[in-house]
Each structure stands twice: as C-alpha cells, then as structure tokens.
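Source file run-v2.cif; content: mmCIF, C-alpha atoms.
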```
data_my_file
#
loop_
_atom_site.label_atom_id
_atom_site.label_comp_id
_atom_site.auth_asym_id
_atom_site.auth_seq_id
_atom_site.Cartn_x
_atom_site.Cartn_y
_atom_site.Cartn_z
CA MET A 1 -6.55 23.69 -25.40
CA PRO A 2 -9.92 21.90 -25.67
CA THR A 3 -12.22 21.86 -22.65
CA ILE A 4 -12.43 18.36 -21.16
CA LYS A 5 -15.91 17.43 -19.93
CA LYS A 6 -16.12 13.65 -20.32
CA ILE A 7 -13.48 10.93 -20.55
CA GLY A 8 -13.54 7.17 -20.88
CA VAL A 9 -11.40 4.68 -18.97
CA LEU A 10 -10.69 1.07 -19.95
CA THR A 11 -8.46 -1.84 -18.96
CA GLY A 12 -6.98 -4.18 -21.57
CA GLY A 13 -4.78 -7.26 -21.79
CA GLY A 14 -4.00 -9.57 -18.90
CA ASP A 15 -5.15 -8.52 -15.44
CA ALA A 16 -2.71 -7.25 -12.82
CA PRO A 17 -3.05 -6.29 -9.16
CA GLY A 18 -3.52 -2.53 -9.01
CA LEU A 19 -5.86 -2.02 -11.97
CA ASN A 20 -8.72 -1.06 -9.68
CA ALA A 21 -6.49 1.42 -7.89
CA VAL A 22 -5.85 3.17 -11.22
CA ILE A 23 -9.56 3.22 -12.08
CA ARG A 24 -10.36 4.66 -8.67
CA ALA A 25 -7.74 7.37 -9.01
CA VAL A 26 -8.92 8.33 -12.50
CA VAL A 27 -12.53 8.57 -11.38
CA LYS A 28 -11.83 10.58 -8.23
CA ALA A 29 -9.28 12.93 -9.82
CA ALA A 30 -11.57 13.58 -12.78
CA TYR A 31 -14.65 14.08 -10.58
CA ASN A 32 -12.82 16.62 -8.44
CA ALA A 33 -11.84 18.47 -11.62
CA GLY A 34 -15.44 18.59 -12.82
CA VAL A 35 -14.97 15.88 -15.46
CA GLN A 36 -17.38 12.97 -15.95
CA VAL A 37 -15.93 9.47 -16.34
CA VAL A 38 -17.39 6.65 -18.42
CA GLY A 39 -16.19 3.16 -17.54
CA LEU A 40 -15.70 1.08 -20.69
CA GLU A 41 -16.06 -2.64 -20.04
CA ASP A 42 -13.88 -5.39 -21.51
CA SER A 43 -11.23 -3.11 -22.99
CA PHE A 44 -12.18 -1.43 -26.29
CA ASP A 45 -15.33 -3.59 -26.44
CA GLY A 46 -16.83 -0.83 -24.31
CA LEU A 47 -16.69 1.34 -27.42
CA ILE A 48 -17.98 -1.41 -29.69
CA TYR A 49 -21.13 -2.37 -27.82
CA PRO A 50 -23.17 0.48 -26.28
CA GLU A 51 -24.39 -1.67 -23.39
CA LYS A 52 -20.80 -2.16 -22.18
CA SER A 53 -20.33 1.29 -20.70
CA ARG A 54 -21.48 3.09 -17.58
CA ILE A 55 -20.95 6.35 -15.74
CA LEU A 56 -18.54 6.05 -12.81
CA GLY A 57 -18.57 8.38 -9.83
CA PRO A 58 -16.77 8.33 -6.48
CA ARG A 59 -19.47 6.09 -4.99
CA ASP A 60 -18.86 3.49 -7.72
CA VAL A 61 -15.17 3.14 -6.89
CA THR A 62 -15.44 3.17 -3.11
CA GLY A 63 -13.73 0.13 -1.63
CA ILE A 64 -11.99 -1.11 -4.79
CA LEU A 65 -8.49 0.15 -3.95
CA ARG A 66 -7.51 -3.10 -2.23
CA LEU A 67 -9.11 -5.45 -4.78
CA GLY A 68 -7.24 -7.40 -7.43
CA GLY A 69 -8.58 -7.83 -10.95
CA THR A 70 -10.55 -5.05 -12.62
CA VAL A 71 -14.15 -3.95 -12.05
CA LEU A 72 -14.32 -3.05 -15.75
CA GLY A 73 -13.27 -6.46 -17.02
CA THR A 74 -10.61 -7.01 -19.66
CA VAL A 75 -9.87 -9.04 -22.77
CA ASN A 76 -6.61 -10.34 -24.21
CA ARG A 77 -7.39 -11.75 -27.62
CA GLY A 78 -4.79 -10.76 -30.17
CA ASN A 79 -5.03 -8.24 -32.98
CA PRO A 80 -8.52 -6.64 -32.98
CA PHE A 81 -7.93 -5.02 -36.38
CA ALA A 82 -7.48 -8.41 -38.06
CA GLU A 83 -11.11 -8.92 -39.09
CA PRO A 84 -14.53 -7.20 -39.04
CA ILE A 85 -16.71 -7.41 -35.95
CA GLN A 86 -20.33 -8.48 -35.67
CA THR A 87 -22.75 -6.39 -33.57
CA PRO A 88 -26.56 -6.30 -33.27
CA GLU A 89 -26.37 -3.17 -35.41
CA GLY A 90 -24.44 -4.87 -38.19
CA THR A 91 -20.88 -5.66 -39.32
CA PHE A 92 -18.21 -3.03 -38.77
CA ASP A 93 -14.54 -2.43 -39.23
CA TYR A 94 -13.12 -2.51 -35.69
CA GLY A 95 -11.24 0.77 -35.91
CA ASP A 96 -14.09 2.65 -37.57
CA ARG A 97 -16.58 1.39 -34.99
CA VAL A 98 -14.44 2.50 -32.05
CA ILE A 99 -13.99 5.99 -33.51
CA GLU A 100 -17.70 6.26 -34.32
CA MET A 101 -18.76 5.27 -30.80
CA PHE A 102 -16.14 7.53 -29.22
CA GLN A 103 -17.79 10.43 -31.02
CA LYS A 104 -21.36 9.29 -30.35
CA MET A 105 -20.64 9.00 -26.63
CA GLU A 106 -19.28 12.57 -26.75
CA LEU A 107 -16.03 11.57 -25.10
CA ASP A 108 -13.20 14.09 -25.08
CA ALA A 109 -10.39 11.65 -24.28
CA LEU A 110 -9.54 8.12 -23.12
CA VAL A 111 -7.41 6.67 -20.36
CA CYS A 112 -6.18 3.29 -21.63
CA ILE A 113 -4.66 1.02 -18.99
CA GLY A 114 -2.78 -1.98 -20.31
CA GLY A 115 0.38 -3.75 -21.40
CA ASP A 116 2.26 -3.75 -24.68
CA GLY A 117 -0.70 -5.00 -26.71
CA THR A 118 -3.07 -2.37 -25.34
CA LEU A 119 -0.42 0.31 -25.79
CA ALA A 120 -0.02 -0.69 -29.45
CA ILE A 121 -3.78 -0.64 -30.07
CA SER A 122 -4.09 2.68 -28.28
CA TYR A 123 -1.30 4.16 -30.36
CA GLU A 124 -3.14 3.17 -33.55
CA PHE A 125 -6.26 4.94 -32.33
CA TYR A 126 -4.25 7.99 -31.32
CA LYS A 127 -2.86 8.18 -34.86
CA LYS A 128 -6.46 7.95 -36.11
CA GLY A 129 -7.36 11.03 -34.08
CA ILE A 130 -8.58 9.81 -30.67
CA PRO A 131 -7.06 11.89 -27.83
CA LEU A 132 -5.77 9.49 -25.19
CA VAL A 133 -3.26 8.86 -22.44
CA CYS A 134 -1.99 5.40 -21.50
CA VAL A 135 -1.12 3.87 -18.16
CA PRO A 136 1.39 0.96 -18.38
CA LYS A 137 0.30 -2.28 -16.76
CA THR A 138 2.21 -5.55 -16.54
CA ILE A 139 3.32 -7.95 -13.85
CA ASP A 140 6.25 -8.79 -16.15
CA ASN A 141 7.87 -5.32 -15.84
CA ASP A 142 8.80 -5.50 -19.54
CA ILE A 143 7.36 -2.20 -20.81
CA MET A 144 9.95 0.21 -22.17
CA GLY A 145 10.17 3.76 -20.89
CA THR A 146 9.12 3.13 -17.30
CA THR A 147 11.27 1.89 -14.42
CA SER A 148 8.42 -0.17 -13.01
CA CYS A 149 4.74 -0.97 -13.45
CA PHE A 150 2.13 -1.74 -10.82
CA GLY A 151 1.48 -5.47 -10.45
CA PHE A 152 5.16 -6.38 -10.61
CA ASP A 153 5.78 -5.91 -6.89
CA THR A 154 2.73 -8.01 -6.01
CA ALA A 155 3.77 -10.81 -8.39
CA VAL A 156 7.33 -10.83 -7.01
CA SER A 157 6.05 -10.82 -3.42
CA PHE A 158 3.81 -13.83 -4.09
CA ALA A 159 6.54 -15.74 -5.92
CA THR A 160 8.97 -15.01 -3.09
CA GLU A 161 6.51 -16.34 -0.52
CA ALA A 162 6.05 -19.49 -2.61
CA ILE A 163 9.83 -20.00 -2.78
CA ASP A 164 10.07 -19.51 0.99
CA ARG A 165 7.50 -22.24 1.51
CA LEU A 166 9.28 -24.60 -0.87
CA HIS A 167 12.54 -24.23 1.04
CA THR A 168 11.19 -26.17 3.99
CA THR A 169 9.90 -29.15 2.04
CA ALA A 170 12.97 -29.18 -0.23
CA GLU A 171 15.30 -29.28 2.78
CA ALA A 172 13.21 -31.88 4.61
CA HIS A 173 13.32 -34.30 1.68
CA ARG A 174 16.69 -33.20 0.22
CA ARG A 175 15.02 -32.51 -3.11
CA ILE A 176 15.50 -30.19 -6.02
CA MET A 177 12.48 -27.87 -6.23
CA VAL A 178 11.93 -26.17 -9.59
CA VAL A 179 9.64 -23.13 -9.59
CA GLU A 180 8.36 -21.76 -12.91
CA VAL A 181 7.29 -18.10 -12.83
CA MET A 182 5.75 -15.76 -15.39
CA GLY A 183 7.55 -12.99 -17.23
CA ARG A 184 7.23 -13.87 -20.92
CA TYR A 185 10.49 -12.90 -22.67
CA ALA A 186 11.92 -10.97 -19.71
CA GLY A 187 13.41 -12.36 -16.51
CA TRP A 188 12.45 -9.61 -14.07
CA ILE A 189 10.08 -11.70 -11.94
CA ALA A 190 12.43 -14.70 -11.89
CA LEU A 191 15.45 -12.58 -10.95
CA HIS A 192 13.79 -10.50 -8.24
CA SER A 193 11.84 -13.34 -6.63
CA GLY A 194 14.78 -15.72 -6.99
CA VAL A 195 17.16 -13.38 -5.20
CA ALA A 196 14.57 -12.42 -2.56
CA GLY A 197 13.72 -16.10 -1.98
CA GLY A 198 17.32 -17.29 -1.79
CA ALA A 199 17.22 -19.45 -4.93
CA ASP A 200 20.37 -21.33 -5.86
CA VAL A 201 19.76 -21.25 -9.61
CA ILE A 202 17.85 -18.62 -11.62
CA LEU A 203 17.16 -19.23 -15.30
CA VAL A 204 16.09 -16.18 -17.32
CA PRO A 205 15.40 -15.60 -21.03
CA GLU A 206 18.27 -13.13 -21.32
CA ILE A 207 20.86 -15.83 -20.47
CA PRO A 208 20.50 -19.10 -22.43
CA TYR A 209 21.47 -21.89 -20.08
CA ASP A 210 23.42 -25.14 -20.14
CA LEU A 211 21.56 -27.64 -17.95
CA GLU A 212 24.78 -29.55 -17.27
CA ARG A 213 26.15 -26.38 -15.65
CA VAL A 214 23.02 -26.20 -13.53
CA ALA A 215 23.39 -29.85 -12.55
CA GLN A 216 27.04 -29.27 -11.59
CA CYS A 217 26.00 -26.37 -9.35
CA ILE A 218 23.59 -28.73 -7.58
CA ARG A 219 26.25 -31.45 -7.26
CA ASP A 220 28.64 -28.88 -5.76
CA ARG A 221 26.01 -27.91 -3.20
CA ASP A 222 25.57 -31.56 -2.26
CA ALA A 223 29.33 -31.91 -1.87
CA TRP A 224 29.59 -29.19 0.77
CA GLY A 225 26.52 -30.32 2.64
CA ALA A 226 23.56 -28.42 1.17
CA ARG A 227 21.47 -31.43 0.14
CA PHE A 228 18.63 -29.46 -1.43
CA SER A 229 18.40 -26.81 -4.16
CA ILE A 230 15.86 -24.23 -5.32
CA VAL A 231 15.75 -23.52 -9.06
CA VAL A 232 13.65 -20.60 -10.33
CA VAL A 233 12.81 -20.75 -14.04
CA ALA A 234 11.27 -17.91 -16.03
CA GLU A 235 8.63 -19.19 -18.44
CA GLY A 236 10.60 -17.70 -21.36
CA ALA A 237 13.96 -19.20 -20.37
CA HIS A 238 15.60 -21.60 -22.80
CA ALA A 239 18.67 -23.75 -23.24
CA LYS A 240 21.56 -22.59 -25.40
CA ASP A 241 20.65 -25.16 -28.02
CA GLY A 242 16.88 -24.77 -27.84
CA LYS A 243 13.83 -22.51 -27.75
CA SER A 244 11.40 -21.55 -25.02
CA ALA A 245 8.75 -24.17 -24.25
CA LEU A 246 5.28 -23.36 -25.58
CA LEU A 247 1.81 -24.25 -24.40
CA GLU A 248 0.35 -22.95 -27.65
CA GLU A 249 1.77 -21.70 -30.94
CA ALA A 250 0.93 -18.23 -32.26
CA HIS A 251 -2.22 -18.23 -34.38
CA GLY A 252 -4.78 -15.86 -35.86
CA GLY A 253 -3.22 -12.71 -34.43
CA TYR A 254 -2.73 -14.27 -30.99
CA ALA A 255 0.78 -14.38 -29.56
CA GLU A 256 2.35 -17.69 -28.59
CA ARG A 257 1.71 -18.91 -25.03
CA LEU A 258 4.83 -19.72 -23.09
CA GLY A 259 5.01 -22.46 -20.46
CA GLY A 260 6.49 -25.85 -19.67
CA GLU A 261 10.15 -24.91 -19.24
CA GLY A 262 10.01 -25.69 -15.52
CA ILE A 263 8.67 -29.20 -16.10
CA SER A 264 11.34 -29.90 -18.69
CA CYS A 265 14.12 -28.63 -16.43
CA ALA A 266 12.90 -30.66 -13.46
CA LYS A 267 12.83 -33.89 -15.48
CA ARG A 268 16.33 -33.42 -16.91
CA LEU A 269 17.86 -32.28 -13.61
CA GLY A 270 16.54 -35.39 -11.94
CA GLU A 271 18.23 -37.49 -14.60
CA LEU A 272 21.52 -35.56 -14.48
CA THR A 273 21.86 -35.47 -10.68
CA GLY A 274 20.04 -38.60 -9.56
CA LYS A 275 18.18 -36.48 -7.01
CA GLU A 276 14.47 -36.51 -6.33
CA THR A 277 13.02 -33.51 -8.15
CA ARG A 278 9.66 -31.72 -8.00
CA TYR A 279 8.30 -28.73 -9.89
CA VAL A 280 5.72 -26.04 -9.22
CA VAL A 281 4.16 -23.75 -11.84
CA LEU A 282 2.91 -20.59 -10.13
CA GLY A 283 1.05 -19.41 -13.23
CA HIS A 284 -1.90 -17.10 -12.78
CA LEU A 285 -1.60 -17.15 -9.01
CA GLN A 286 0.93 -14.35 -9.58
CA ARG A 287 -1.79 -12.18 -11.12
CA GLY A 288 -4.39 -12.58 -8.41
CA GLY A 289 -5.02 -11.35 -4.92
CA THR A 290 -4.61 -8.08 -3.08
CA PRO A 291 -2.05 -5.63 -4.49
CA THR A 292 0.83 -4.68 -2.24
CA ALA A 293 1.04 -1.22 -0.70
CA PHE A 294 3.70 -0.28 -3.25
CA ASP A 295 1.49 -1.30 -6.18
CA ARG A 296 -1.54 0.49 -4.72
CA THR A 297 0.35 3.74 -4.35
CA LEU A 298 2.08 3.50 -7.74
CA ALA A 299 -1.23 2.69 -9.46
CA THR A 300 -2.92 5.59 -7.71
CA ARG A 301 -0.17 7.95 -8.80
CA PHE A 302 -0.45 6.66 -12.38
CA GLY A 303 -4.21 7.26 -12.45
CA GLY A 304 -3.94 10.77 -11.04
CA LYS A 305 -1.15 11.66 -13.46
CA ALA A 306 -3.14 10.36 -16.43
CA VAL A 307 -5.99 12.75 -15.62
CA GLU A 308 -3.51 15.58 -15.14
CA LEU A 309 -2.03 14.99 -18.60
CA ILE A 310 -5.48 14.90 -20.19
CA LEU A 311 -6.46 18.18 -18.55
CA LYS A 312 -3.23 19.69 -19.89
CA GLY A 313 -3.94 18.37 -23.39
CA GLN A 314 -0.84 16.13 -23.44
CA PHE A 315 -2.21 13.29 -25.54
CA GLY A 316 -0.45 10.34 -27.15
CA LYS A 317 1.60 9.85 -24.01
CA MET A 318 2.23 7.02 -21.55
CA VAL A 319 2.61 7.79 -17.87
CA ALA A 320 6.06 6.52 -16.88
CA ASN A 321 7.71 5.98 -13.54
CA HIS A 322 11.07 7.76 -13.47
CA PRO A 323 11.71 7.80 -9.72
CA PRO A 324 11.04 9.96 -7.88
CA ASP A 325 8.81 11.46 -10.60
CA LEU A 326 6.08 10.37 -12.98
CA VAL A 327 6.66 11.74 -16.48
CA PRO A 328 4.88 11.61 -19.86
CA VAL A 329 6.63 9.51 -22.52
CA PRO A 330 5.49 9.54 -26.18
CA LEU A 331 3.75 6.28 -27.09
CA GLY A 332 5.77 6.05 -30.29
CA GLU A 333 8.93 5.61 -28.21
CA VAL A 334 7.68 2.54 -26.33
CA VAL A 335 5.29 0.65 -28.60
CA GLY A 336 6.70 -2.55 -30.09
CA LYS A 337 9.66 -2.74 -27.71
CA ILE A 338 10.42 -5.06 -24.80
CA LYS A 339 12.42 -4.11 -21.71
CA THR A 340 14.59 -7.08 -20.79
CA VAL A 341 17.05 -7.52 -17.93
CA PRO A 342 20.42 -5.96 -18.84
CA LEU A 343 23.34 -8.31 -18.33
CA ASP A 344 25.05 -5.62 -16.25
CA TYR A 345 21.98 -5.03 -14.06
CA ASP A 346 23.17 -4.58 -10.50
CA LEU A 347 20.87 -7.21 -8.96
CA LEU A 348 22.00 -9.78 -11.50
CA LEU A 349 25.65 -8.98 -10.77
CA THR A 350 25.00 -9.16 -7.03
CA ALA A 351 23.35 -12.56 -7.44
CA ARG A 352 26.39 -13.84 -9.32
CA ALA A 353 28.67 -12.48 -6.58
CA LEU A 354 26.64 -14.44 -4.02
CA GLY A 355 27.11 -17.66 -5.96
CA VAL A 356 23.75 -17.93 -7.71
CA SER A 357 24.04 -19.90 -10.94
CA PHE A 358 22.42 -18.70 -14.17
CA GLY A 359 23.41 -21.86 -16.02
CA ASP A 360 25.81 -20.09 -18.36
#
```

Would you write out, as structure tokens, the structure that this file holds?
Amino acid sequence: MPTIKKIGVLTGGGDAPGLNAVIRAVVKAAYNAGVQVVGLEDSFDGLIYPEKSRILGPRDVTGILRLGGTVLGTVNRGNPFAEPIQTPEGTFDYGDRVIEMFQKMELDALVCIGGDGTLAISYEFYKKGIPLVCVPKTIDNDIMGTTSCFGFDTAVSFATEAIDRLHTTAEAHRRIMVVEVMGRYAGWIALHSGVAGGADVILVPEIPYDLERVAQCIRDRDAWGARFSIVVVAEGAHAKDGKSALLEEAHGGYAERLGGEGISCAKRLGELTGKETRYVVLGHLQRGGTPTAFDRTLATRFGGKAVELILKGQFGKMVANHPPDLVPVPLGEVVGKIKTVPLDYDLLLTARALGVSFGD
C-alpha cells in the first residue's frame, strides 16, 4: 500500500449546503493522520491553473462547518473533455493537463466532492490512473448507491418552510398556490417537502400527470369546504401527453436546464377551476443558507470516511450512506445512473393513503 503524504480536495457541480463541512472533515482528519491537504479551487480547474490551489490546515477550515456554499468554489459547465483548454502556459488537452498537474503537485490522491457530473469526470480520471475517492453531493438525492446525500435535508427543510408560509396566504384568499421545487428528473424533494408541508397535490417526474385529474381534486376540496389548495411541482414533472418544461435546451456538452412547469400548471389550473391561482419558484433558494444539523453531521462523516478510504488504499470508490453505516461503493456501479422515486416507496404510498393527489 503506497504511503499517503499529500492529497487534494475539490468541489464540483452545483453547490449544496454541507460542502464546507466535508472540506473541514477532510482537512482535519488528514492533518491528524499526518497528511497534507491541498485545496483545489473551482473543481478540476485547481489542477489546470497552478494559482488555483492552496494548502489547507485546521486553521483554514475553522468556522466553516455552519456555512453554506463552498470555500473552494465550484463550476458546473458541462463536459470538460469536449475541447482543448487555454492556459498562460499554452493549449492543453483537459485530461492530460489534469494528470500532469496532479503529478507536478506531488499529490498522492484526490477527494472529489460532487454530483453525477463530477462523479463521471472523476471516474474517467480514475481509469486514467489518478487515485481518488468521491463524496456524493446533491440536493436532489438522485445519486445511485447511497440512501441520502448531504444538502437534501436542508433543501427539503427550506421547501417545507416555504409551503408552510404559503398555507396562510392561500387560505386567506382561497387561492391555489403552486410551488415549483428543484430535483431535476427525480421527485425526492417534491415528495418529501410536499408531504411534510401538507400539500394537497404533488407532481413528480416519476408519475406523468393529467391536469384535469388535478383540477378535479381541487374541485372536490372546494366541495367539502377546503377553499384553498397547495400544489407542489417538481421541476422535472410533466403531463402524460407532454415533456418537462425547459429554460434552456442542451447544448455544447451542457445538460438541458429544467424549469417552468410550475408556471404552466398554475395557468392551466386557474383556467380549469376558475380559482385565483398564484405560483412560486423556489429555485436556488433551496441551495443556499446554513445546512441543517443532519446535513452537517452526514457531510462530516462523509469527509472523514473519504480520508479513511484513501489511507487504506481503497481508490475508485464513492462513500455511500447505508444506514447506519458508511460504505465504499465502486464508482463504476453508480456513474451514469439516476436514482428516482420508486412507485412503491413507502412515503409515496402513505401520501396516497392520506388523499394526496399525484395527478394520475
């Protein structure tokens, strides 16, 4: 087993509450094991441009546990292997440059913290010979192989609070309030926040909906005296005869940007029911702010486990939450896959039993 003296840590993809807690745990666990940590800024750019890296010690991560965002910065810009990169030192192939700088910086391993895109990039570098361990990060909870990721609990907690607030104004004005939440092609945030917030309708990507069925649910509520309704819509939800609404088509290696389903649903529901309807898009508010206690502790456990795996020479793995344990899962088993809500998921079944409509 090779001796580990210096490792790099980076954050990639969209930000999520808890990233700083992982960085802190990596730095402190490595320091206490006699290993130096190099913080790589703006994802793998920290291995492209020499000025985007710095040594991190315990003093550098003091006080960041409770902070959202990432002190290392992050980028989310599509396929980095698609075209050559320009640097002050010349033009390079992206992959070759990363490997060259990894060696020049005398790093022994990497801790790569990120979502499915970062996991896929990391896996490519692992196959090219870079020893690394990944930590899964997503507010969407859609990474295969792990029961949960840090950031999800914080996003759900914020969305639930927003729904709670909307209840009062919806009831006061007898309106339909439509709340669009993130989640991409998975309905985890919509389902959990919708149930926790007492939503009457929850629309998720896994269950194509019929808006007339949704409208009938709202009419039925009016008939028995509930003159307002809360509708939670996942950004990737879509009608049975349509596709998810897009803010931007896929282009140049960038994935499509979802959004607008909530606005569309609100407009049509107003027409179908004759009720006054408003919509709210929570958007990036779900990514910001202080991580919950659950996300802080999970992120800290992830960071400590990542260092443990590196010290044991278990590379090419992702740290996964298999309660009550954290376990290593081979990257090849999770890359390129999406964890969606199973139709027999107990929370979904419970919601149905309570009368929540999914528009199907």

For the file shown, what are the residues hit by the PyMOL selection byres ((chain A and resi 3) around 12), laid out as an mmCIF file with C-alpha atoms, in the coordinates of the input?
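That gives us selection-v6.cif:
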```cif
data_model
loop_
_atom_site.group_PDB
_atom_site.id
_atom_site.type_symbol
_atom_site.label_atom_id
_atom_site.label_comp_id
_atom_site.auth_asym_id
_atom_site.auth_seq_id
_atom_site.Cartn_x
_atom_site.Cartn_y
_atom_site.Cartn_z
ATOM 1 C CA MET A 1 -6.550 23.690 -25.400
ATOM 2 C CA PRO A 2 -9.920 21.900 -25.670
ATOM 3 C CA ILE A 4 -12.430 18.360 -21.160
ATOM 4 C CA LYS A 5 -15.910 17.430 -19.930
ATOM 5 C CA LYS A 6 -16.120 13.650 -20.320
ATOM 6 C CA ILE A 7 -13.480 10.930 -20.550
ATOM 7 C CA ALA A 33 -11.840 18.470 -11.620
ATOM 8 C CA GLY A 34 -15.440 18.590 -12.820
ATOM 9 C CA VAL A 35 -14.970 15.880 -15.460
ATOM 10 C CA LEU A 107 -16.030 11.570 -25.100
ATOM 11 C CA ASP A 108 -13.200 14.090 -25.080
ATOM 12 C CA ALA A 109 -10.390 11.650 -24.280
ATOM 13 C CA ILE A 310 -5.480 14.900 -20.190
ATOM 14 C CA LEU A 311 -6.460 18.180 -18.550
ATOM 15 C CA LYS A 312 -3.230 19.690 -19.890
ATOM 16 C CA GLY A 313 -3.940 18.370 -23.390
#
```

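Evaluated against this file, the PyMOL selection byres ((chain A and resi 238) around 10) yields A:Leu203, A:Val204, A:Pro205, A:Glu206, A:Ile207, A:Pro208, A:Tyr209, A:Asp210, A:Leu211, A:Val233, A:Ala234, A:Glu235, A:Gly236, A:Ala237, A:Ala239, A:Lys240, A:Asp241, A:Gly242, A:Lys243, A:Ser244, A:Ala245, A:Glu261, A:Cys265.
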
Convert the current residue selection to file output with C-alpha atoms, as a compact mmCIF listing (two decimals), keeping the file's coordinate frame.
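Generated output (out.txt):
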```txt
# COMPACT_ATOMS: atom_id res chain seq x y z
CA LEU A 203 17.16 -19.23 -15.30
CA VAL A 204 16.09 -16.18 -17.32
CA PRO A 205 15.40 -15.60 -21.03
CA GLU A 206 18.27 -13.13 -21.32
CA ILE A 207 20.86 -15.83 -20.47
CA PRO A 208 20.50 -19.10 -22.43
CA TYR A 209 21.47 -21.89 -20.08
CA ASP A 210 23.42 -25.14 -20.14
CA LEU A 211 21.56 -27.64 -17.95
CA VAL A 233 12.81 -20.75 -14.04
CA ALA A 234 11.27 -17.91 -16.03
CA GLU A 235 8.63 -19.19 -18.44
CA GLY A 236 10.60 -17.70 -21.36
CA ALA A 237 13.96 -19.20 -20.37
CA ALA A 239 18.67 -23.75 -23.24
CA LYS A 240 21.56 -22.59 -25.40
CA ASP A 241 20.65 -25.16 -28.02
CA GLY A 242 16.88 -24.77 -27.84
CA LYS A 243 13.83 -22.51 -27.75
CA SER A 244 11.40 -21.55 -25.02
CA ALA A 245 8.75 -24.17 -24.25
CA GLU A 261 10.15 -24.91 -19.24
CA CYS A 265 14.12 -28.63 -16.43
```

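Distances to A:Val181 were evaluated for A:Asp140, A:Asp164, A:Asp15, A:Asp45 using all atoms listed in the file, and the minimum falls at A:Asp140.
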
Specify the axis-aligned box that encloses all atoms of stretch 164-178 of chain A listed in the file after padding of 6 Å on each side, stating its centre and edge lengths in Å to one decimal as lines of an AutoDock Vina configuration file.
```
center_x = 12.1
center_y = -26.9
center_z = -2.5
size_x = 21.2
size_y = 26.8
size_z = 26.2
```

Care to translate the PyMOL selection byres ((chain A and resi 111) around 6) into actual residues of this file, as a VMD selection string?
chain A and resid 9 110 112 132 to 134

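With all atoms listed in the file as the atoms that count, the minimum distance from A:Glu308 to the choices A:Leu326, A:Leu343, A:Val201, A:Asp116 is reached by A:Leu326.
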
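Atom CA of A:Ile338 is found 16.4 Å from atom CA of A:Arg257.
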
Can you write out as a Markdown table which residues of stretch 274-321 of chain A fall within 12 Å of stretch 16-27 of chain A, alongside each residue's closest atom pair and its distance in Å to one decimal, counting all atoms listed in the file and ordering rows by chain and ascending residue number?
```
| residue | atom | partner | partner_atom | distance |
| --- | --- | --- | --- | --- |
| A:His284 | CA | A:Ala16 | CA | 9.9 |
| A:Leu285 | CA | A:Ala16 | CA | 10.7 |
| A:Gln286 | CA | A:Ala16 | CA | 8.6 |
| A:Arg287 | CA | A:Ala16 | CA | 5.3 |
| A:Gly288 | CA | A:Pro17 | CA | 6.5 |
| A:Gly289 | CA | A:Pro17 | CA | 6.9 |
| A:Thr290 | CA | A:Pro17 | CA | 6.5 |
| A:Pro291 | CA | A:Pro17 | CA | 4.8 |
| A:Thr292 | CA | A:Pro17 | CA | 8.1 |
| A:Ala293 | CA | A:Gly18 | CA | 9.6 |
| A:Phe294 | CA | A:Gly18 | CA | 9.5 |
| A:Asp295 | CA | A:Gly18 | CA | 5.9 |
| A:Arg296 | CA | A:Gly18 | CA | 5.6 |
| A:Thr297 | CA | A:Ala21 | CA | 8.0 |
| A:Leu298 | CA | A:Gly18 | CA | 8.3 |
| A:Ala299 | CA | A:Val22 | CA | 5.0 |
| A:Thr300 | CA | A:Val22 | CA | 5.2 |
| A:Arg301 | CA | A:Ala25 | CA | 7.6 |
| A:Phe302 | CA | A:Val22 | CA | 6.5 |
| A:Gly303 | CA | A:Val22 | CA | 4.6 |
| A:Gly304 | CA | A:Ala25 | CA | 5.5 |
| A:Lys305 | CA | A:Val26 | CA | 8.5 |
| A:Ala306 | CA | A:Val26 | CA | 7.3 |
| A:Val307 | CA | A:Val26 | CA | 6.2 |
| A:Glu308 | CA | A:Val26 | CA | 9.4 |
| A:Leu309 | CA | A:Val26 | CA | 11.4 |
| A:Ile310 | CA | A:Val26 | CA | 10.7 |
| A:Leu311 | CA | A:Val26 | CA | 11.8 |
| A:Val319 | CA | A:Val22 | CA | 11.7 |
```

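Distance-wise, atom CA of A:Thr340 and atom CA of A:Arg184 end up 10.0 Å apart.
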
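Using all atoms listed in the file, the smallest distance between any of A:Ile48, A:Ala30, A:Ala190, A:Ile230 and A:Glu171 comes from A:Ile230.
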
Counting only C-alpha atoms, figure out which residue out of A:Ile143, A:Ser264, A:Glu106, A:Ile55 gets nearest to A:Ala120.
A:Ile143

Just the residues within 10 Å of A:Arg97, please, counting all atoms listed in the file, with nothing from its chain fewer than 6 positions along; format it as a PyMOL selection string.
chain A and resi 45+47-49+84-85+91+103

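Proximity of A:Gly68, A:Gly63, A:Gly197, A:Gly12 to A:Lys137, computed with only C-alpha atoms, is greatest for A:Gly12.
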
Only C-alpha atoms, as a CSV table (one decimal), in the first residue's frame: that is what I want for stretch 298-321 of chain A.
```csv
chain,number,residue,atom,x,y,z
A,298,LEU,CA,-23.6,13.4,7.4
A,299,ALA,CA,-21.2,15.6,5.5
A,300,THR,CA,-18.7,15.4,8.3
A,301,ARG,CA,-19.0,11.6,8.3
A,302,PHE,CA,-18.5,11.5,4.5
A,303,GLY,CA,-15.4,13.6,4.7
A,304,GLY,CA,-13.8,11.5,7.5
A,305,LYS,CA,-14.7,8.3,5.7
A,306,ALA,CA,-13.1,9.5,2.4
A,307,VAL,CA,-9.8,10.1,4.2
A,308,GLU,CA,-10.1,6.7,5.8
A,309,LEU,CA,-10.6,5.0,2.4
A,310,ILE,CA,-7.6,6.9,1.0
A,311,LEU,CA,-5.3,5.8,3.8
A,312,LYS,CA,-6.5,2.2,3.3
A,313,GLY,CA,-5.7,2.5,-0.4
A,314,GLN,CA,-9.4,1.9,-1.4
A,315,PHE,CA,-9.5,4.1,-4.6
A,316,GLY,CA,-12.1,4.4,-7.3
A,317,LYS,CA,-14.8,4.3,-4.6
A,318,MET,CA,-17.7,6.6,-3.6
A,319,VAL,CA,-18.6,7.0,0.0
A,320,ALA,CA,-22.2,5.8,0.4
A,321,ASN,CA,-24.7,6.2,3.2
```
